[in-house]
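This is structure22.cif (mmCIF, C-alpha atoms).
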data_final
loop_
_atom_site.label_atom_id
_atom_site.label_comp_id
_atom_site.auth_asym_id
_atom_site.auth_seq_id
_atom_site.Cartn_x
_atom_site.Cartn_y
_atom_site.Cartn_z
CA MET A 1 47.78 103.62 105.90
CA SER A 2 48.49 99.92 105.28
CA HIS A 3 44.75 99.15 105.00
CA ILE A 4 44.63 101.51 102.00
CA ARG A 5 47.56 99.68 100.42
CA ASP A 6 45.89 96.31 101.11
CA PHE A 7 42.64 97.55 99.57
CA SER A 8 44.31 98.76 96.37
CA TYR A 9 46.36 95.57 96.10
CA SER A 10 43.22 93.46 96.40
CA MET A 11 41.41 95.59 93.82
CA ILE A 12 44.26 95.25 91.31
CA TYR A 13 44.57 91.49 91.65
CA ARG A 14 40.94 90.37 91.68
CA SER A 15 39.86 87.30 89.78
CA ARG A 16 37.12 87.48 87.18
CA ALA A 17 34.94 85.42 89.51
CA GLN A 18 35.39 88.05 92.24
CA ILE A 19 34.52 90.87 89.86
CA VAL A 20 31.43 89.03 88.60
CA SER A 21 30.27 88.30 92.14
CA LYS A 22 30.66 91.95 93.13
CA MET A 23 28.64 93.03 90.09
CA LEU A 24 25.90 90.51 90.82
CA GLU A 25 25.77 91.53 94.49
CA SER A 26 25.22 95.14 93.48
CA ALA A 27 22.37 94.09 91.14
CA LYS A 28 20.32 92.33 93.86
CA ASP A 29 18.12 95.40 94.40
CA LEU A 30 14.50 94.47 93.58
CA ASN A 31 13.99 97.71 91.66
CA GLY A 32 17.07 97.16 89.53
CA VAL A 33 20.25 99.19 89.47
CA THR A 34 21.91 101.50 86.99
CA LYS A 35 25.16 100.69 85.26
CA THR A 36 26.76 103.58 87.18
CA ARG A 37 25.89 101.94 90.49
CA ILE A 38 27.32 98.60 89.35
CA MET A 39 30.46 100.33 88.09
CA TYR A 40 31.10 102.10 91.40
CA GLU A 41 30.19 99.21 93.67
CA ALA A 42 32.36 96.77 91.70
CA TYR A 43 35.23 99.27 91.30
CA LEU A 44 35.34 99.02 87.50
CA SER A 45 36.22 101.39 84.70
CA TYR A 46 33.50 102.11 82.17
CA VAL A 47 35.28 99.98 79.56
CA GLN A 48 35.49 97.02 81.97
CA LEU A 49 31.86 97.51 82.97
CA ARG A 50 30.61 97.34 79.38
CA GLU A 51 32.62 94.20 78.70
CA TYR A 52 31.44 92.38 81.83
CA LEU A 53 27.80 93.48 81.45
CA SER A 54 27.56 92.02 77.99
CA VAL A 55 29.04 88.70 79.17
CA LEU A 56 26.74 88.53 82.20
CA ILE A 57 23.64 89.27 80.13
CA GLU A 58 24.71 86.84 77.41
CA ASN A 59 25.10 84.10 80.01
CA GLY A 60 21.79 84.81 81.74
CA LEU A 61 23.24 86.07 85.04
CA LEU A 62 21.86 89.60 84.64
CA GLU A 63 18.88 90.98 82.80
CA TYR A 64 18.42 94.47 81.40
CA ALA A 65 15.11 96.35 81.56
CA ALA A 66 15.18 98.83 78.69
CA HIS A 67 12.16 100.84 79.89
CA THR A 68 13.85 101.68 83.22
CA ARG A 69 17.43 101.31 81.95
CA THR A 70 18.29 99.11 84.92
CA TYR A 71 19.91 95.75 85.53
CA LYS A 72 18.68 92.95 87.81
CA ILE A 73 20.21 89.71 88.92
CA THR A 74 18.49 86.59 87.54
CA PRO A 75 17.84 83.28 89.36
CA LYS A 76 20.89 81.90 87.55
CA GLY A 77 22.91 84.88 88.86
CA ILE A 78 21.74 84.16 92.41
CA GLU A 79 22.81 80.55 91.98
CA TYR A 80 26.23 81.73 90.78
CA LEU A 81 26.59 83.91 93.90
CA GLU A 82 25.67 81.01 96.18
CA LEU A 83 28.24 78.75 94.53
CA PHE A 84 30.84 81.51 94.66
CA GLU A 85 30.25 82.00 98.40
CA GLN A 86 30.50 78.24 99.03
CA THR A 87 33.79 78.10 97.15
CA LYS A 88 35.06 81.15 99.01
CA ALA A 89 34.09 79.56 102.34
CA MET A 90 36.17 76.50 101.49
CA GLY A 91 39.17 78.79 101.13
CA ASN A 92 39.60 78.30 97.39
CA ILE A 93 39.22 81.99 96.52
#
Written form, structure tokens:
Amino acid sequence: MSHIRDFSYSMIYRSRAQIVSKMLESAKDLNGVTKTRIMYEAYLSYVQLREYLSVLIENGLLEYAAHTRTYKITPKGIEYLELFEQTKAMGNI
């Protein structure tokens, strides 16, 4: 039962960097992913998802393909993930 409590605690107190990294991880699929998939994999509400998606697209970390209505990580997004993982490995996150 404590692992459930630990999980919900960690989901409540995530940093923006952690949320962004989770969203980018879920968008690594070569065929692109739907916003629903990103929302569920990153544990976000729809309101949070819309806010973060617009910021990630605006900053070139994600791209949106209107014809398939899917999102894909960009090279800049991959670079962000690599830097995030390096920072995490140093124990700073």
*Could you tell me which residues the PyMOL selection byres ((chain A and resi 30) around 10) grabs in this file, written as a PyMOL selection string?*
chain A and resi 27-29+31-33+71-73
Taking C-alpha atoms for each residue, export the selection above as an mmCIF file, keeping the file's coordinate frame.
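Dumped everything to part-v3.cif:
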data_model
loop_
_atom_site.group_PDB
_atom_site.id
_atom_site.type_symbol
_atom_site.label_atom_id
_atom_site.label_comp_id
_atom_site.auth_asym_id
_atom_site.auth_seq_id
_atom_site.Cartn_x
_atom_site.Cartn_y
_atom_site.Cartn_z
ATOM 1 C CA ALA A 27 22.370 94.090 91.140
ATOM 2 C CA LYS A 28 20.320 92.330 93.860
ATOM 3 C CA ASP A 29 18.120 95.400 94.400
ATOM 4 C CA ASN A 31 13.990 97.710 91.660
ATOM 5 C CA GLY A 32 17.070 97.160 89.530
ATOM 6 C CA VAL A 33 20.250 99.190 89.470
ATOM 7 C CA TYR A 71 19.910 95.750 85.530
ATOM 8 C CA LYS A 72 18.680 92.950 87.810
ATOM 9 C CA ILE A 73 20.210 89.710 88.920
#
_Residue IDs satisfying the PyMOL selection byres ((chain A and resi 43) around 12), as JSON, numbers by chain_ = {"A": [7, 8, 10, 11, 12, 14, 18, 19, 20, 22, 23, 26, 35, 36, 37, 38, 39, 40, 41, 42, 44, 45, 46, 47, 48, 49]}
*Near-Thr74 (chain A) list (7 Å; only C-alpha atoms; drop same-chain fewer than 3 positions) as a ChimeraX atom specification*: /A:60-63,77-78
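Nearest residue to Thr70 (chain A), choosing from A:Ser15, A:Leu24, A:Thr34, A:Arg50 and counting only C-alpha atoms: A:Thr34.
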_Between CA of Leu56 (chain A) and CA of Glu25 (chain A), what distance in Å does the model show, to one decimal?_
12.7 Å
_Which residues are close to Lys88 (chain A), i.e. within 12 Å by all atoms listed in the file, leaving aside same-chain residues fewer than 5 positions away? Reply as a VMD selection string._
chain A and resid 17 to 18 21 81 to 83 93
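When CA of Val55 (chain A) is paired with CA of Glu85 (chain A), their separation reads 20.4 Å.
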Using the incomplete input, complete region 50-70 of chain A to the level of N, CA and C atoms; output as a CSV table (one decimal), keeping the file's coordinate frame.
chain,number,residue,atom,x,y,z
A,50,ARG,N,31.3,97.7,80.6
A,50,ARG,CA,30.6,97.3,79.4
A,50,ARG,C,30.9,95.9,79.0
A,51,GLU,N,32.2,95.5,79.1
A,51,GLU,CA,32.6,94.2,78.7
A,51,GLU,C,31.9,93.1,79.6
A,52,TYR,N,32.0,93.3,80.9
A,52,TYR,CA,31.4,92.4,81.8
A,52,TYR,C,29.9,92.3,81.7
A,53,LEU,N,29.3,93.5,81.6
A,53,LEU,CA,27.8,93.5,81.4
A,53,LEU,C,27.3,92.6,80.3
A,54,SER,N,28.0,92.8,79.2
A,54,SER,CA,27.6,92.0,78.0
A,54,SER,C,27.7,90.5,78.2
A,55,VAL,N,28.8,90.1,78.9
A,55,VAL,CA,29.0,88.7,79.2
A,55,VAL,C,28.0,88.2,80.2
A,56,LEU,N,27.7,89.0,81.2
A,56,LEU,CA,26.7,88.5,82.2
A,56,LEU,C,25.3,88.4,81.6
A,57,ILE,N,25.0,89.3,80.8
A,57,ILE,CA,23.6,89.3,80.1
A,57,ILE,C,23.6,88.1,79.2
A,58,GLU,N,24.6,87.9,78.4
A,58,GLU,CA,24.7,86.8,77.4
A,58,GLU,C,24.6,85.5,78.1
A,59,ASN,N,25.1,85.4,79.3
A,59,ASN,CA,25.1,84.1,80.0
A,59,ASN,C,23.9,84.0,81.0
A,60,GLY,N,23.0,84.9,80.9
A,60,GLY,CA,21.8,84.8,81.7
A,60,GLY,C,22.0,85.1,83.2
A,61,LEU,N,23.0,85.8,83.6
A,61,LEU,CA,23.2,86.1,85.0
A,61,LEU,C,22.6,87.4,85.4
A,62,LEU,N,22.5,88.3,84.5
A,62,LEU,CA,21.9,89.6,84.6
A,62,LEU,C,20.8,89.8,83.5
A,63,GLU,N,19.8,90.6,83.8
A,63,GLU,CA,18.9,91.0,82.8
A,63,GLU,C,18.8,92.5,82.8
A,64,TYR,N,18.5,93.0,81.6
A,64,TYR,CA,18.4,94.5,81.4
A,64,TYR,C,17.0,94.8,81.1
A,65,ALA,N,16.5,95.8,81.8
A,65,ALA,CA,15.1,96.4,81.6
A,65,ALA,C,15.2,97.7,80.8
A,66,ALA,N,15.0,97.7,79.5
A,66,ALA,CA,15.2,98.8,78.7
A,66,ALA,C,14.3,100.0,79.1
A,67,HIS,N,13.1,99.7,79.5
A,67,HIS,CA,12.2,100.8,79.9
A,67,HIS,C,12.6,101.6,81.1
A,68,THR,N,13.3,101.0,82.0
A,68,THR,CA,13.8,101.7,83.2
A,68,THR,C,15.4,101.9,83.1
A,69,ARG,N,16.0,101.3,82.1
A,69,ARG,CA,17.4,101.3,82.0
A,69,ARG,C,18.2,100.8,83.2
A,70,THR,N,17.7,99.7,83.7
A,70,THR,CA,18.3,99.1,84.9
A,70,THR,C,18.6,97.6,84.7
